[in-house]
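Participant: To start, I am sharing the structure in question, which I have written as structure tokens.
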Amino acid sequence: MFEIGHRVAVSVPGSTGNVGPGYDSLGLALGHYDDLAVTVTGGGLEFELHGEGSASVPRTAEHLVVRAMRAAFRAAGVEELPGLRLEATNRIPHGRGMGSSASAVVAGVLAANALLPAERALDDRRLLQVAAAMEGHPDNVAPSLYGGLVISWTDADGYRSAPVTVHEDVVPVVAIPDFEVPTRLARSLLPATVPHHDAAVNAGRTALLIEALTRRPELLLPATEDRLHQPYRASAMPPSARLMGALRERGLPAMISGAGPTVLVLAAGPHQAAETERRVAELVADGPGSVSWRVLRLRVDGRGAKLERHPQQIQG
């Protein structure tokens, strides 16, 4: 079924979940990429891993990409895992709220699907189901798959997503700290119930955020106010909470990226993006010396994951 030497390459954008008030429902694709190439071999697993987290991830069938490939094969009715050589360059930092696990899952699912015979290949909807089931929710895998802003929900038919085109002036700026916050820990801090007023505020801000991201970026500051998750998670990432608060006090639409601890600011236009990058860099430089930060100006990825097929024969 699998042709030895068949090679596919995937480039997958990172993502930020929640996007302020859009808890577990909004995701935005970030122009910061993990690259993966997979080649079918005669047997076994081979790994050539570089970049973020490469020293700590398993080089066995427990590698997240391999697990995602196996899940896609099984969804297509294929139990056999062929021999594989994985070559990965990771740029998305692990455990920082920028979608590293989602990008690995998307890369594995897309690579596996491309290696399947055409008659067994999964359609876009089934690809989303497999990827979201592995992550447990669609708000990170969906933007990595489709690009742009993606509104996601779950109904009786499974995971659903609706991609939305983001205004060209929206520019993400991220401040990435040198510490991690496990998503499981961040979720454990959320209360079982919240005040009705806070829920109503978030519903209104989420609706406003769609308008701000698609048509009126000047509304991003009020549109990114959140009362559902960030206040409760602050104790797990005090430096990030302080930075976010300082930026918002200065009129910049800052938020925690995903489950944190990266801080994301959505600037409106190139001039504001440059000024935002400068202000963020100044604030982190003036902060406590116990935390180191990387400040990056990115872009919203509007295309999502990109796949290339390279049929070839292994030599030797």
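Labels for the structure tokens follow display order: chains A, B, ..., residues from 1 in each chain, ligands from 1.
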List every residue of segment 56-264 of chain A that DSSP, applied to the backbone, labels as helix (DSSP H, G or I), and write the result as a ChimeraX atom specification.

Facilitator: /A:64-75,100-115,118-120,124-135,141-146,183-188,196-214,217-223,230-236,238-249

Participant: Give me, as an MDAnalysis selection string, all polymer residues having an atom no more than 7 Å from Ala107 of chain A, counting only C-alpha atoms and skipping those fewer than 6 positions away in the same chain.

Facilitator: chainID A and resid 10 12 36 65

Participant: Taking only C-alpha atoms into account, name the residue in A:Pro191, A:Gly260, A:Gly287, A:Pro217 that is nearest to Ala234 of chain A.

Facilitator: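 Checking each of A:Pro191, A:Gly260, A:Gly287, A:Pro217 against Ala234 of chain A, counting only C-alpha atoms, the winner is A:Gly260.
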
Participant: Suppose you want the space between atom CA of Met69 of chain A and atom CA of Glu135 of chain A; what is it in Å?

Facilitator: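 So the two atoms, atom CA of Met69 of chain A and atom CA of Glu135 of chain A, lie 13.6 Å apart.
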
Participant: Apply DSSP to the backbone of this structure and, from segment 175-267 of chain A, keep only the residues in strand (DSSP E or B); write these as a PyMOL selection string.

Facilitator: chain A and resi 175-177+254-256+263-267

Participant: Neighbouring residues of segment 200-207 of chain A were defined as those with any atom within 7 Å, considering only C-alpha atoms; residues of the same chain fewer than 4 positions away were excluded. Please report them as a ChimeraX atom specification.

Facilitator: /A:21-22,196,211,223-227

Participant: Grab the residues selected above and save them as a compact mmCIF listing (two decimals), in the first residue's frame with all heavy atoms.

Facilitator:
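Written file, selection29.txt:
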# COMPACT_ATOMS: atom_id res chain seq x y z
N PRO A 21 -11.30 37.14 24.75
CA PRO A 21 -12.56 36.65 25.32
C PRO A 21 -13.09 35.39 24.67
O PRO A 21 -14.04 34.78 25.20
CB PRO A 21 -13.51 37.82 25.07
CG PRO A 21 -13.01 38.44 23.80
CD PRO A 21 -11.50 38.33 23.91
N GLY A 22 -12.54 34.95 23.55
CA GLY A 22 -13.11 33.84 22.80
C GLY A 22 -12.69 32.49 23.33
O GLY A 22 -12.21 31.63 22.57
N HIS A 196 -22.82 35.56 36.21
CA HIS A 196 -23.59 35.79 34.97
C HIS A 196 -23.13 37.06 34.27
O HIS A 196 -23.02 37.10 33.04
CB HIS A 196 -25.08 35.87 35.32
CG HIS A 196 -25.97 35.96 34.11
ND1 HIS A 196 -26.25 37.15 33.48
CD2 HIS A 196 -26.63 34.99 33.41
CE1 HIS A 196 -27.06 36.94 32.45
NE2 HIS A 196 -27.29 35.63 32.38
N GLU A 211 -15.81 41.75 14.79
CA GLU A 211 -15.85 43.00 14.03
C GLU A 211 -14.48 43.67 14.00
O GLU A 211 -14.03 44.16 12.96
CB GLU A 211 -16.88 43.94 14.67
CG GLU A 211 -16.93 45.35 14.09
CD GLU A 211 -17.59 45.43 12.72
OE1 GLU A 211 -18.09 44.39 12.22
OE2 GLU A 211 -17.59 46.53 12.12
N ALA A 223 -12.31 45.12 22.55
CA ALA A 223 -12.77 43.81 22.08
C ALA A 223 -12.01 42.65 22.72
O ALA A 223 -12.50 41.52 22.70
CB ALA A 223 -12.66 43.73 20.56
N THR A 224 -10.82 42.90 23.25
CA THR A 224 -10.01 41.82 23.82
C THR A 224 -10.13 41.72 25.34
O THR A 224 -9.40 40.96 25.97
CB THR A 224 -8.53 41.99 23.42
OG1 THR A 224 -8.10 43.32 23.72
CG2 THR A 224 -8.34 41.71 21.93
N GLU A 225 -11.06 42.44 25.94
CA GLU A 225 -11.27 42.29 27.38
C GLU A 225 -11.82 40.90 27.69
O GLU A 225 -12.70 40.39 26.99
CB GLU A 225 -12.25 43.35 27.89
CG GLU A 225 -12.50 43.25 29.39
CD GLU A 225 -13.57 44.21 29.89
OE1 GLU A 225 -14.05 45.04 29.09
OE2 GLU A 225 -13.91 44.11 31.08
N ASP A 226 -11.29 40.29 28.73
CA ASP A 226 -11.70 38.93 29.09
C ASP A 226 -11.91 38.81 30.60
O ASP A 226 -11.12 39.34 31.38
CB ASP A 226 -10.64 37.91 28.67
CG ASP A 226 -10.82 36.58 29.38
OD1 ASP A 226 -11.83 35.90 29.10
OD2 ASP A 226 -9.98 36.24 30.23
N ARG A 227 -12.98 38.08 30.98
CA ARG A 227 -13.23 37.82 32.39
C ARG A 227 -13.42 36.32 32.69
O ARG A 227 -13.69 35.97 33.83
CB ARG A 227 -14.48 38.58 32.85
CG ARG A 227 -14.37 40.09 32.70
CD ARG A 227 -15.52 40.81 33.34
NE ARG A 227 -15.45 42.24 33.12
CZ ARG A 227 -16.29 43.12 33.68
NH1 ARG A 227 -17.25 42.70 34.51
NH2 ARG A 227 -16.17 44.41 33.43

Participant: For each of A:Gly258, A:Pro117, A:Gly245, A:Pro93, take the minimum atom-to-atom distance to Gly77 of chain A, counting only C-alpha atoms, then give the residue where this is smallest.

Facilitator: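 For Gly77 of chain A, the nearest of the candidates is A:Pro117.
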
Participant: Report the distance between atom CA of Ser257 of chain A and atom CA of Thr16 of chain A in Å, rounded to one decimal place.

Facilitator: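 Distance reported for this atom pair: 5.4 Å.
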
Participant: Could you give me, as a ChimeraX atom specification, the residues within 12 Å of Val300 of chain A, counting only C-alpha atoms and dropping anything in the same chain fewer than 5 positions from it?

Facilitator: /A:13-16,27-33,143-144,146-150,164-174,213-214,266-268

Participant: So, counting only C-alpha atoms, which residue among A:His310, A:Arg7, A:Arg67, A:Arg294 is closest to Glu87 of chain A?

Facilitator: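 Nearest to Glu87 of chain A: A:Arg7.
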
Participant: Report as a PDB file with all heavy atoms, in the first residue's frame all protein, DNA and RNA residues lying within 8 Å of segment 48-52 of chain A, evaluated on only C-alpha atoms, omitting residues in the same chain fewer than 6 positions from it.

Facilitator:
ATOM      1  N   ARG A  85      10.724   7.813   8.009  1.00  0.00           N
ATOM      2  CA  ARG A  85      11.811   8.706   8.404  1.00  0.00           C
ATOM      3  C   ARG A  85      11.212  10.100   8.565  1.00  0.00           C
ATOM      4  O   ARG A  85      10.622  10.653   7.627  1.00  0.00           O
ATOM      5  CB  ARG A  85      12.917   8.734   7.355  1.00  0.00           C
ATOM      6  CG  ARG A  85      14.003   9.766   7.662  1.00  0.00           C
ATOM      7  CD  ARG A  85      15.163   9.714   6.672  1.00  0.00           C
ATOM      8  NE  ARG A  85      16.088  10.811   6.880  1.00  0.00           N
ATOM      9  CZ  ARG A  85      17.009  10.871   7.840  1.00  0.00           C
ATOM     10  NH1 ARG A  85      17.112   9.861   8.692  1.00  0.00           N
ATOM     11  NH2 ARG A  85      17.816  11.895   7.950  1.00  0.00           N
ATOM     12  N   LEU A  86      11.333  10.660   9.765  1.00  0.00           N
ATOM     13  CA  LEU A  86      10.804  11.983  10.056  1.00  0.00           C
ATOM     14  C   LEU A  86      11.941  12.984  10.155  1.00  0.00           C
ATOM     15  O   LEU A  86      12.907  12.772  10.899  1.00  0.00           O
ATOM     16  CB  LEU A  86      10.034  11.981  11.379  1.00  0.00           C
ATOM     17  CG  LEU A  86       8.560  11.582  11.360  1.00  0.00           C
ATOM     18  CD1 LEU A  86       8.401  10.128  10.942  1.00  0.00           C
ATOM     19  CD2 LEU A  86       7.925  11.810  12.728  1.00  0.00           C
ATOM     20  N   GLU A  87      11.836  14.070   9.400  1.00  0.00           N
ATOM     21  CA  GLU A  87      12.787  15.178   9.470  1.00  0.00           C
ATOM     22  C   GLU A  87      11.990  16.421   9.851  1.00  0.00           C
ATOM     23  O   GLU A  87      11.112  16.842   9.096  1.00  0.00           O
ATOM     24  CB  GLU A  87      13.476  15.391   8.130  1.00  0.00           C
ATOM     25  CG  GLU A  87      14.186  14.157   7.581  1.00  0.00           C
ATOM     26  CD  GLU A  87      14.489  14.302   6.103  1.00  0.00           C
ATOM     27  OE1 GLU A  87      15.247  15.236   5.755  1.00  0.00           O
ATOM     28  OE2 GLU A  87      13.943  13.510   5.316  1.00  0.00           O
ATOM     29  N   ALA A  88      12.270  16.959  11.035  1.00  0.00           N
ATOM     30  CA  ALA A  88      11.471  18.077  11.533  1.00  0.00           C
ATOM     31  C   ALA A  88      12.354  19.229  11.977  1.00  0.00           C
ATOM     32  O   ALA A  88      13.403  19.026  12.597  1.00  0.00           O
ATOM     33  CB  ALA A  88      10.600  17.620  12.701  1.00  0.00           C
ATOM     34  N   THR A  89      11.906  20.443  11.647  1.00  0.00           N
ATOM     35  CA  THR A  89      12.513  21.661  12.167  1.00  0.00           C
ATOM     36  C   THR A  89      11.417  22.432  12.885  1.00  0.00           C
ATOM     37  O   THR A  89      10.466  22.910  12.254  1.00  0.00           O
ATOM     38  CB  THR A  89      13.106  22.522  11.045  1.00  0.00           C
ATOM     39  OG1 THR A  89      14.119  21.776  10.362  1.00  0.00           O
ATOM     40  CG2 THR A  89      13.720  23.798  11.613  1.00  0.00           C
ATOM     41  N   ASN A  90      11.535  22.518  14.206  1.00  0.00           N
ATOM     42  CA  ASN A  90      10.504  23.157  15.020  1.00  0.00           C
ATOM     43  C   ASN A  90      10.925  24.562  15.416  1.00  0.00           C
ATOM     44  O   ASN A  90      12.012  24.761  15.965  1.00  0.00           O
ATOM     45  CB  ASN A  90      10.244  22.331  16.285  1.00  0.00           C
ATOM     46  CG  ASN A  90       9.713  20.946  15.976  1.00  0.00           C
ATOM     47  OD1 ASN A  90       9.058  20.739  14.961  1.00  0.00           O
ATOM     48  ND2 ASN A  90       9.996  20.001  16.845  1.00  0.00           N
ATOM     49  N   ARG A  91      10.047  25.507  15.154  1.00  0.00           N
ATOM     50  CA  ARG A  91      10.285  26.904  15.545  1.00  0.00           C
ATOM     51  C   ARG A  91       9.283  27.376  16.585  1.00  0.00           C
ATOM     52  O   ARG A  91       9.502  28.400  17.236  1.00  0.00           O
ATOM     53  CB  ARG A  91      10.222  27.805  14.303  1.00  0.00           C
ATOM     54  CG  ARG A  91      11.250  27.445  13.234  1.00  0.00           C
ATOM     55  CD  ARG A  91      11.136  28.317  12.008  1.00  0.00           C
ATOM     56  NE  ARG A  91      12.060  27.874  10.971  1.00  0.00           N
ATOM     57  CZ  ARG A  91      11.770  26.927  10.079  1.00  0.00           C
ATOM     58  NH1 ARG A  91      10.564  26.340  10.101  1.00  0.00           N
ATOM     59  NH2 ARG A  91      12.650  26.563   9.164  1.00  0.00           N
ATOM     60  N   ILE A  92       8.179  26.672  16.714  1.00  0.00           N
ATOM     61  CA  ILE A  92       7.145  27.065  17.667  1.00  0.00           C
ATOM     62  C   ILE A  92       7.551  26.563  19.053  1.00  0.00           C
ATOM     63  O   ILE A  92       7.740  25.362  19.249  1.00  0.00           O
ATOM     64  CB  ILE A  92       5.780  26.470  17.265  1.00  0.00           C
ATOM     65  CG1 ILE A  92       5.404  26.901  15.845  1.00  0.00           C
ATOM     66  CG2 ILE A  92       4.699  26.904  18.249  1.00  0.00           C
ATOM     67  CD1 ILE A  92       4.223  26.154  15.265  1.00  0.00           C
ATOM     68  N   PRO A  93       7.727  27.449  20.022  1.00  0.00           N
ATOM     69  CA  PRO A  93       8.179  27.014  21.346  1.00  0.00           C
ATOM     70  C   PRO A  93       7.150  26.135  22.038  1.00  0.00           C
ATOM     71  O   PRO A  93       5.933  26.337  21.883  1.00  0.00           O
ATOM     72  CB  PRO A  93       8.394  28.330  22.098  1.00  0.00           C
ATOM     73  CG  PRO A  93       7.556  29.328  21.376  1.00  0.00           C
ATOM     74  CD  PRO A  93       7.532  28.912  19.939  1.00  0.00           C
ATOM     75  N   HIS A  94       7.619  25.162  22.793  1.00  0.00           N
ATOM     76  CA  HIS A  94       6.738  24.230  23.490  1.00  0.00           C
ATOM     77  C   HIS A  94       6.255  24.820  24.811  1.00  0.00           C
ATOM     78  O   HIS A  94       6.994  25.507  25.515  1.00  0.00           O
ATOM     79  CB  HIS A  94       7.474  22.918  23.750  1.00  0.00           C
ATOM     80  CG  HIS A  94       7.760  22.134  22.508  1.00  0.00           C
ATOM     81  ND1 HIS A  94       8.151  20.819  22.521  1.00  0.00           N
ATOM     82  CD2 HIS A  94       7.689  22.469  21.187  1.00  0.00           C
ATOM     83  CE1 HIS A  94       8.325  20.379  21.294  1.00  0.00           C
ATOM     84  NE2 HIS A  94       8.060  21.376  20.466  1.00  0.00           N
TER      85      HIS A  94
END

Participant: Determine, counting only C-alpha atoms, which protein, DNA and RNA residues have an atom within 10 Å of an atom of Arg59 of chain A; residues of the same chain fewer than 3 positions away are not included. Present the result as a list in words.

Facilitator: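 Using only C-alpha atoms, the neighbours found are Leu45, Glu46, Phe47, Glu48, Leu49, Ser54, Ala55, Ser56, Glu62, His63, Leu64, Val66 and Leu86 of chain A.
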
Participant: Just to be explicit: take each residue in the selection above, keep N, CA, C and O atoms, and write the result as an mmCIF file, in the first residue's frame.

Facilitator:
data_model
loop_
_atom_site.group_PDB
_atom_site.id
_atom_site.type_symbol
_atom_site.label_atom_id
_atom_site.label_comp_id
_atom_site.auth_asym_id
_atom_site.auth_seq_id
_atom_site.Cartn_x
_atom_site.Cartn_y
_atom_site.Cartn_z
ATOM 1 N N LEU A 45 11.428 3.228 12.528
ATOM 2 C CA LEU A 45 11.261 4.672 12.636
ATOM 3 C C LEU A 45 12.628 5.340 12.731
ATOM 4 O O LEU A 45 13.484 4.895 13.490
ATOM 5 N N GLU A 46 12.821 6.393 11.944
ATOM 6 C CA GLU A 46 14.048 7.176 11.986
ATOM 7 C C GLU A 46 13.673 8.634 12.224
ATOM 8 O O GLU A 46 12.656 9.107 11.703
ATOM 9 N N PHE A 47 14.500 9.316 13.010
ATOM 10 C CA PHE A 47 14.197 10.698 13.352
ATOM 11 C C PHE A 47 15.412 11.594 13.129
ATOM 12 O O PHE A 47 16.530 11.240 13.502
ATOM 13 N N GLU A 48 15.155 12.746 12.514
ATOM 14 C CA GLU A 48 16.144 13.824 12.442
ATOM 15 C C GLU A 48 15.415 15.094 12.867
ATOM 16 O O GLU A 48 14.661 15.677 12.076
ATOM 17 N N LEU A 49 15.611 15.491 14.122
ATOM 18 C CA LEU A 49 14.828 16.554 14.724
ATOM 19 C C LEU A 49 15.725 17.731 15.085
ATOM 20 O O LEU A 49 16.805 17.546 15.646
ATOM 21 N N SER A 54 13.538 19.791 20.476
ATOM 22 C CA SER A 54 14.032 18.587 19.792
ATOM 23 C C SER A 54 14.827 17.673 20.712
ATOM 24 O O SER A 54 14.884 16.463 20.483
ATOM 25 N N ALA A 55 15.413 18.218 21.745
ATOM 26 C CA ALA A 55 16.231 17.392 22.643
ATOM 27 C C ALA A 55 15.391 16.581 23.618
ATOM 28 O O ALA A 55 15.864 15.594 24.175
ATOM 29 N N SER A 56 14.123 16.984 23.833
ATOM 30 C CA SER A 56 13.327 16.351 24.873
ATOM 31 C C SER A 56 12.195 15.466 24.357
ATOM 32 O O SER A 56 11.637 14.683 25.124
ATOM 33 N N GLU A 62 5.902 7.004 20.287
ATOM 34 C CA GLU A 62 5.182 7.941 21.137
ATOM 35 C C GLU A 62 5.366 9.392 20.693
ATOM 36 O O GLU A 62 4.729 10.284 21.267
ATOM 37 N N HIS A 63 6.235 9.627 19.735
ATOM 38 C CA HIS A 63 6.371 10.986 19.192
ATOM 39 C C HIS A 63 4.999 11.441 18.702
ATOM 40 O O HIS A 63 4.267 10.692 18.048
ATOM 41 N N LEU A 64 4.629 12.690 19.025
ATOM 42 C CA LEU A 64 3.283 13.184 18.735
ATOM 43 C C LEU A 64 2.950 13.114 17.247
ATOM 44 O O LEU A 64 1.814 12.802 16.862
ATOM 45 N N VAL A 66 4.064 10.929 15.065
ATOM 46 C CA VAL A 66 3.799 9.526 14.723
ATOM 47 C C VAL A 66 2.430 9.107 15.233
ATOM 48 O O VAL A 66 1.670 8.417 14.533
ATOM 49 N N LEU A 86 11.333 10.660 9.765
ATOM 50 C CA LEU A 86 10.804 11.983 10.056
ATOM 51 C C LEU A 86 11.941 12.984 10.155
ATOM 52 O O LEU A 86 12.907 12.772 10.899
#

Participant: Please provide as a ChimeraX atom specification all residues within 10 Å of Pro177 of chain A, with the sequence filter that same-chain residues fewer than 4 positions apart are discarded (counting only C-alpha atoms).

Facilitator: /A:93,96,237,239-240,260-263,284,291-295

Participant: Measuring between only C-alpha atoms, which one of A:Ala254, A:Val19, A:Ala305, A:Ala259 shows the shortest distance to Val280 of chain A?

Facilitator: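 Distance minimum relative to Val280 of chain A lands on A:Ala254.
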
Participant: Find the residue from A:Asp123, A:Asp24, A:Asp178, A:Glu249 that sits nearest to Asp139 of chain A; use only C-alpha atoms when measuring.

Facilitator: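 Using only C-alpha atoms, Asp139 of chain A sits closest to A:Asp24.
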
Participant: To one decimal in Å, tell me the separation between atom CA of Ser101 of chain A and atom CA of Met244 of chain A.

Facilitator: 23.9 Å
